$ cat protein_12.tsv   # TSV, C-alpha atoms and all ligand atoms
chain	number	residue	atom	x	y	z
M	1	MET	CA	6.85	18.22	34.19
M	2	ALA	CA	9.47	15.98	32.52
M	3	LYS	CA	9.40	16.03	28.69
M	4	HIS	CA	8.20	12.42	28.29
M	5	ASP	CA	5.61	12.30	31.06
M	6	LYS	CA	2.49	10.77	29.43
M	7	THR	CA	-1.25	11.56	29.44
M	8	THR	CA	-3.80	8.90	28.47
M	9	LEU	CA	-6.13	10.06	25.67
M	10	GLY	CA	-9.58	8.86	24.61
M	11	LEU	CA	-9.68	6.39	21.72
M	12	SER	CA	-9.90	8.10	18.33
M	13	THR	CA	-8.50	8.14	14.79
M	14	ILE	CA	-5.28	9.77	16.01
M	15	LEU	CA	-2.81	8.21	13.55
M	16	ASN	CA	-1.16	11.22	11.88
M	17	PRO	CA	-0.06	12.53	9.44
M	18	VAL	CA	-2.02	10.79	6.69
M	19	PRO	CA	-2.34	11.39	2.96
M	20	VAL	CA	-5.33	13.37	1.79
M	21	VAL	CA	-6.45	12.50	-1.74
M	22	MET	CA	-9.15	13.42	-4.23
M	23	ILE	CA	-10.90	10.29	-5.44
M	24	SER	CA	-12.62	10.65	-8.77
M	25	CYS	CA	-15.35	8.28	-9.89
M	26	ALA	CA	-18.45	8.16	-12.10
M	27	GLY	CA	-21.52	6.02	-12.65
M	28	LYS	CA	-21.95	3.61	-15.56
M	29	ASP	CA	-23.93	6.36	-17.32
M	30	SER	CA	-21.76	9.44	-16.82
M	31	THR	CA	-24.11	11.55	-18.96
M	32	ALA	CA	-26.93	11.23	-16.39
M	33	ALA	CA	-26.88	13.69	-13.46
M	34	GLU	CA	-26.69	10.88	-10.88
M	35	GLY	CA	-23.75	9.25	-12.69
M	36	ARG	CA	-21.76	12.35	-13.68
M	37	PRO	CA	-18.04	12.38	-12.82
M	38	ASN	CA	-17.57	13.18	-9.14
M	39	ILE	CA	-14.78	13.83	-6.65
M	40	ILE	CA	-14.69	12.83	-2.98
M	41	THR	CA	-11.94	13.86	-0.57
M	42	VAL	CA	-10.60	10.94	1.44
M	43	ALA	CA	-8.07	10.77	4.24
M	44	TRP	CA	-8.65	7.14	5.28
M	45	THR	CA	-6.54	5.64	2.50
M	46	GLY	CA	-3.28	3.76	2.28
M	47	THR	CA	-0.95	1.45	0.40
M	48	ILE	CA	-1.54	-2.13	1.55
M	49	ASN	CA	0.48	-4.35	-0.82
M	50	SER	CA	3.48	-4.05	-3.18
M	51	GLU	CA	3.12	-6.98	-5.59
M	52	PRO	CA	0.58	-6.46	-7.01
M	53	PRO	CA	0.37	-2.81	-5.96
M	54	MET	CA	-2.81	-2.42	-3.91
M	55	VAL	CA	-4.54	0.29	-1.90
M	56	SER	CA	-7.44	0.66	0.48
M	57	VAL	CA	-9.92	3.52	0.79
M	58	SER	CA	-12.56	3.74	3.49
M	59	ILE	CA	-15.80	5.49	2.55
M	60	ARG	CA	-19.06	5.91	4.46
M	61	LYS	CA	-22.13	4.29	2.90
M	62	SER	CA	-23.89	7.69	3.00
M	63	ARG	CA	-21.48	9.26	0.47
M	64	HIS	CA	-22.68	9.71	-3.10
M	65	SER	CA	-19.29	8.39	-4.24
M	66	HIS	CA	-19.84	5.13	-2.35
M	67	LYS	CA	-22.77	4.45	-4.69
M	68	LEU	CA	-20.75	5.29	-7.82
M	69	ILE	CA	-17.72	3.20	-6.85
M	70	SER	CA	-19.93	0.27	-5.83
M	71	GLU	CA	-21.71	0.45	-9.20
M	72	THR	CA	-18.60	0.39	-11.40
M	73	GLY	CA	-15.89	-1.11	-9.17
M	74	GLU	CA	-13.58	1.69	-10.33
M	75	PHE	CA	-12.02	4.85	-8.90
M	76	VAL	CA	-8.98	7.06	-9.35
M	77	ILE	CA	-6.78	8.32	-6.51
M	78	ASN	CA	-5.54	11.81	-7.43
M	79	LEU	CA	-2.66	13.19	-5.37
M	80	VAL	CA	-3.19	16.67	-3.95
M	81	ASN	CA	-0.69	19.49	-4.44
M	82	LYS	CA	-0.73	23.07	-3.14
M	83	GLN	CA	-2.89	24.31	-6.03
M	84	LEU	CA	-5.49	21.58	-5.43
M	85	CYS	CA	-5.70	22.05	-1.66
M	86	LYS	CA	-8.76	24.33	-1.65
M	87	PRO	CA	-10.69	22.29	-4.26
M	88	CYS	CA	-9.76	19.22	-2.22
M	89	ASP	CA	-11.37	20.72	0.86
M	90	LEU	CA	-14.46	21.73	-1.10
M	91	CYS	CA	-14.85	18.20	-2.47
M	92	GLY	CA	-14.84	17.06	1.15
M	93	VAL	CA	-17.68	19.27	2.33
M	94	LYS	CA	-20.11	19.24	-0.63
M	95	SER	CA	-21.84	16.25	-2.16
M	96	GLY	CA	-21.83	15.29	-5.82
M	97	ALA	CA	-25.50	14.45	-5.34
M	98	ASP	CA	-26.11	18.22	-5.16
M	99	ILE	CA	-23.43	19.85	-7.32
M	100	ASP	CA	-21.04	19.08	-10.19
M	101	LYS	CA	-17.75	19.31	-8.29
M	102	PHE	CA	-15.59	19.24	-11.45
M	103	GLU	CA	-17.45	22.30	-12.71
M	104	VAL	CA	-17.56	24.17	-9.38
M	105	CYS	CA	-13.82	23.61	-8.84
M	106	GLY	CA	-12.90	24.43	-12.46
M	107	LEU	CA	-11.28	21.01	-12.91
M	108	ASN	CA	-11.25	18.78	-15.99
M	109	ALA	CA	-12.32	15.13	-16.06
M	110	VAL	CA	-10.09	13.13	-18.40
M	111	LYS	CA	-9.93	9.48	-19.42
M	112	ALA	CA	-8.36	7.37	-16.71
M	113	GLU	CA	-5.60	4.93	-17.70
M	114	GLY	CA	-6.88	1.33	-17.70
M	115	LEU	CA	-10.46	2.09	-16.61
M	116	GLU	CA	-13.82	1.99	-18.37
M	117	TYR	CA	-15.98	4.34	-16.27
M	118	ALA	CA	-14.03	6.47	-13.79
M	119	TYR	CA	-12.33	9.71	-14.82
M	120	ALA	CA	-9.06	11.21	-13.61
M	121	ILE	CA	-8.50	14.85	-12.62
M	122	LYS	CA	-6.36	16.46	-15.33
M	123	GLU	CA	-4.93	19.05	-12.91
M	124	ALA	CA	-3.66	16.40	-10.43
M	125	PRO	CA	0.11	15.78	-10.50
M	126	VAL	CA	-0.38	12.00	-10.23
M	127	SER	CA	-3.50	9.91	-10.89
M	128	ILE	CA	-3.73	6.27	-9.82
M	129	SER	CA	-6.39	4.13	-11.52
M	130	CYS	CA	-7.85	1.44	-9.24
M	131	LYS	CA	-10.15	-1.56	-9.68
M	132	VAL	CA	-12.04	-2.80	-6.62
M	133	GLU	CA	-11.24	-6.34	-5.46
M	134	SER	CA	-13.35	-6.47	-2.29
M	135	VAL	CA	-15.42	-4.39	0.11
M	136	THR	CA	-15.33	-4.91	3.88
M	137	GLU	CA	-17.87	-3.34	6.22
M	138	LEU	CA	-15.89	-2.06	9.21
M	139	GLY	CA	-18.53	-0.05	11.10
M	140	SER	CA	-18.75	3.62	10.20
M	141	HIS	CA	-16.87	3.07	6.92
M	142	ASP	CA	-16.71	0.44	4.17
M	143	MET	CA	-13.14	-0.38	3.14
M	144	PHE	CA	-12.64	-0.82	-0.60
M	145	ILE	CA	-9.55	-2.88	-1.35
M	146	ALA	CA	-8.34	-2.29	-4.89
M	147	LYS	CA	-5.62	-3.17	-7.38
M	148	ILE	CA	-3.73	-0.36	-9.12
M	149	VAL	CA	-4.22	-0.83	-12.87
M	150	GLY	CA	-2.70	2.38	-14.28
M	151	ILE	CA	-0.75	5.46	-13.24
M	152	THR	CA	-0.24	8.81	-14.99
M	153	ALA	CA	1.95	11.69	-13.81
M	154	ASP	CA	2.71	15.21	-15.02
M	155	SER	CA	5.76	14.85	-17.28
M	156	TYR	CA	7.62	17.70	-15.55
M	157	LEU	CA	7.90	15.43	-12.49
M	158	LEU	CA	10.24	13.04	-14.34
M	159	ASP	CA	13.98	13.73	-14.37
M	160	GLU	CA	16.28	13.09	-17.36
M	161	ASN	CA	16.54	9.40	-16.34
M	162	GLY	CA	12.78	9.00	-16.21
M	163	ARG	CA	12.73	8.88	-12.40
M	164	LEU	CA	9.60	10.27	-10.76
M	165	CYS	CA	10.63	13.20	-8.50
M	166	LEU	CA	7.67	13.58	-6.17
M	167	ASP	CA	9.66	15.97	-3.99
M	168	ASN	CA	8.98	18.55	-6.76
M	169	ALA	CA	5.22	18.01	-6.67
M	170	ASN	CA	4.34	20.32	-3.73
M	171	LEU	CA	2.25	17.57	-2.14
M	172	VAL	CA	-0.09	18.13	0.77
M	173	ALA	CA	-0.48	15.99	3.90
M	174	TYR	CA	-3.28	15.98	6.46
M	175	ASN	CA	-2.41	16.28	10.14
M	176	HIS	CA	-5.10	16.22	12.83
M	177	GLY	CA	-7.70	18.13	10.83
M	178	GLU	CA	-5.33	20.51	9.03
M	179	TYR	CA	-3.62	20.57	5.64
M	180	PHE	CA	0.16	20.98	5.44
M	181	LEU	CA	2.51	21.49	2.52
M	182	LEU	CA	5.32	18.90	2.70
M	183	GLY	CA	8.44	20.72	3.80
M	184	LYS	CA	12.07	20.03	4.44
M	185	LYS	CA	13.67	16.74	3.31
M	186	LEU	CA	15.29	15.13	6.36
M	187	GLY	CA	16.66	11.95	4.79
M	188	PHE	CA	15.80	9.05	2.47
M	189	PHE	CA	15.15	5.30	2.73
M	190	GLY	CA	18.31	3.84	4.32
M	191	TYR	CA	20.09	7.14	4.95
M	192	SER	CA	20.83	6.12	8.54
M	193	VAL	CA	23.31	3.56	7.21
M	194	ALA	CA	24.33	5.22	3.90
M	195	SER	CA	27.86	6.41	3.09
M	196	GLU	CA	28.79	10.09	3.28
M	197	GLU	CA	29.16	10.08	-0.50
M	198	ILE	CA	25.63	8.80	-1.09
M	199	ILE	CA	24.18	11.17	1.48
M	200	LYS	CA	25.88	14.12	-0.21
M	201	LYS	CA	24.65	13.00	-3.63
M	202	ARG	CA	21.06	12.48	-2.47
M	203	MET	CA	20.76	15.37	-0.02
M	204	GLY	CA	22.96	18.04	-1.61
M	205	ASP	CA	23.18	21.00	0.74
M	206	LYS	CA	19.94	20.17	2.52
M	301	LIG	C1	-9.97	16.28	4.76
M	301	LIG	C2	-11.16	15.39	4.55
M	301	LIG	C3	-11.02	14.01	4.63
M	301	LIG	C4	-12.13	13.17	4.45
M	301	LIG	N1	-11.96	11.82	4.50
M	301	LIG	C5	-13.02	11.00	4.29
M	301	LIG	C6	-12.84	9.58	4.29
M	301	LIG	O1	-11.74	9.06	4.46
M	301	LIG	N2	-13.95	8.81	4.06
M	301	LIG	C7	-15.20	9.35	3.86
M	301	LIG	O2	-16.18	8.59	3.69
M	301	LIG	N3	-15.38	10.70	3.85
M	301	LIG	C8	-14.33	11.52	4.04
M	301	LIG	N4	-14.50	12.88	4.02
M	301	LIG	C9	-15.85	13.44	3.80
M	301	LIG	C10	-16.29	13.41	2.34
M	301	LIG	O3	-15.25	13.84	1.47
M	301	LIG	C11	-17.53	14.32	2.17
M	301	LIG	O4	-18.58	13.81	2.93
M	301	LIG	C12	-17.94	14.54	0.73
M	301	LIG	O5	-18.82	15.65	0.70
M	301	LIG	C13	-18.61	13.33	0.12
M	301	LIG	O6	-18.86	13.62	-1.23
M	301	LIG	P1	-19.89	12.79	-2.13
M	301	LIG	O7	-21.21	12.79	-1.41
M	301	LIG	O8	-19.91	13.57	-3.42
M	301	LIG	O9	-19.33	11.43	-2.28
M	301	LIG	C14	-13.40	13.73	4.19
M	301	LIG	C15	-13.54	15.14	4.11
M	301	LIG	C16	-12.44	15.96	4.29
M	301	LIG	C17	-12.59	17.45	4.17

$ encode --input "protein_12.tsv" --output "structure tokens"
Amino acid sequence: MAKHDKTTLGLSTILNPVPVVMISCAGKDSTAAEGRPNIITVAWTGTINSEPPMVSVSIRKSRHSHKLISETGEFVINLVNKQLCKPCDLCGVKSGADIDKFEVCGLNAVKAEGLEYAYAIKEAPVSISCKVESVTELGSHDMFIAKIVGITADSYLLDENGRLCLDNANLVAYNHGEYFLLGKKLGFFGYSVASEEIIKKRMGDK
């Protein structure tokens, strides 16, 4: 068989790899059991606009988090690193209607930049505060479109010029049902046309 001979596949959500994130949220009354801070794992998420920075997250109506986010119009996207990978999986198989996922995972809920109700995960390397602009029913999932209203990052991720170095964050990606640690840097935006000097500066010995 020649290398690029093709097989037709059934229609499915085959776009890969995708980010996997831990979305934290809470009800208007976070002291009540049904409104306590919660975490849902989401893979159907993406950046959809630059100015203003906007994201989408698709969540089934049946999720406890759907109720919380609909109630407050707020959520936080927490990026997942190697240390958070197992808690991330757990938050994707257990419901906040039944357990306190912050407590079970040993994570801390902290005030989220720019938001009134939702909490961020202290242990996450980067937390992105979002305010919902609209909700679109797509079928299985409802797509929340949201504006980014605040971002916090672990200070160790900034270099001496204040540049965010996410390549040091040990981030995790999701590929066809499995979690992967991001690996070898192959290039950077525009490297195909960059000078040797720039490539050496940006890539080092890699
Ligand atoms: C890797 C992974 C990705 C997931 N992605 C989504 C998603 O994009 N949308 C969704 O509604 N549920 C998704 N889930 C399922 C929810 O995270 C899961 O049903 C969770 O228990 C819901 O929590 P909640 O009831 O506390 O909101 C995913 C689960 C895993 C493990």

$ atom_distance --input "protein_12.tsv" --atom1 "CA of Leu164 (chain M)" --atom2 "CA of Met203 (chain M)"
16.3 Å

$ residues_near_point --input "protein_12.tsv" --point "(18.0, 13.2, 6.1)" --cutoff "9 Å" --atoms "all atoms listed in the file" --output "list in words"
Lys185, Leu186, Gly187, Phe188, Tyr191, Ser192, Ile199, Met203 and Lys206 of chain M

$ closest_residue --input "protein_12.tsv" --among "M:Ile145, M:Cys88, M:Ile77, M:Leu9" --to "ligand LIG 301 (chain M)" --atoms "only C-alpha atoms and all ligand atoms"
M:Cys88

$ atom_distance --input "protein_12.tsv" --atom1 "CA of Ala97 (chain M)" --atom2 "atom O6 of ligand LIG 301 (chain M)"
7.9 Å

$ residues_near_ligand --input "protein_12.tsv" --ligand "ligand LIG 301 (chain M)" --cutoff "10 Å" --atoms "all atoms listed in the file" --output "JSON, numbers by chain"
{"M": [18, 19, 20, 21, 22, 23, 24, 25, 37, 38, 39, 40, 41, 42, 43, 44, 45, 57, 58, 59, 60, 61, 62, 63, 64, 65, 66, 67, 68, 69, 85, 86, 87, 88, 89, 90, 91, 92, 93, 94, 95, 96, 97, 98, 99, 100, 101, 140, 141, 142, 143, 173, 174, 175, 176, 177, 178, 179]}

$ residues_around --input "protein_12.tsv" --residues "Pro53 (chain M)" --least-positions-apart "3" --cutoff "7 Å" --atoms "all atoms listed in the file" --output "JSON, numbers by chain"
{"M": [49, 50, 147, 148]}

$ atom_distance --input "protein_12.tsv" --atom1 "CA of Leu84 (chain M)" --atom2 "CA of Lys111 (chain M)"
19.0 Å

$ residues_around --input "protein_12.tsv" --residues "Ser134 (chain M)" --least-positions-apart "2" --cutoff "7 Å" --atoms "all atoms listed in the file" --output "JSON, numbers by chain"
{"M": [132, 136, 144, 145]}

$ closest_residue --input "protein_12.tsv" --among "M:Leu15, M:Ala32, M:Ala194, M:Val110" --to "Glu123 (chain M)" --atoms "only C-alpha atoms"
M:Val110

$ closest_residue --input "protein_12.tsv" --among "M:Gly183, M:Gly27, M:Pro52, M:Gly106" --to "Ser70 (chain M)" --atoms "all atoms listed in the file"
M:Gly27

$ closest_residue --input "protein_12.tsv" --among "M:Lys82, M:Lys28, M:Arg163, M:Arg202" --to "Tyr117 (chain M)" --atoms "only C-alpha atoms"
M:Lys28

$ closest_atom_pairs --input "protein_12.tsv" --of "region 34-135 of chain M" --to "region 166-171 of chain M" --cutoff "9 Å" --atoms "only C-alpha atoms" --output "tab-separated table"
residue	atom	partner	partner_atom	distance
M:Leu79	CA	M:Leu171	CA	7.3
M:Val80	CA	M:Leu171	CA	5.8
M:Asn81	CA	M:Leu171	CA	4.2
M:Lys82	CA	M:Asn170	CA	5.8
M:Gln83	CA	M:Asn170	CA	8.6
M:Pro125	CA	M:Ala169	CA	6.8
M:Val126	CA	M:Ala169	CA	9.0

$ closest_residue --input "protein_12.tsv" --among "M:Ala146, M:Ser127, M:Leu157, M:Glu133" --to "Gly46 (chain M)" --atoms "only C-alpha atoms"
M:Ala146
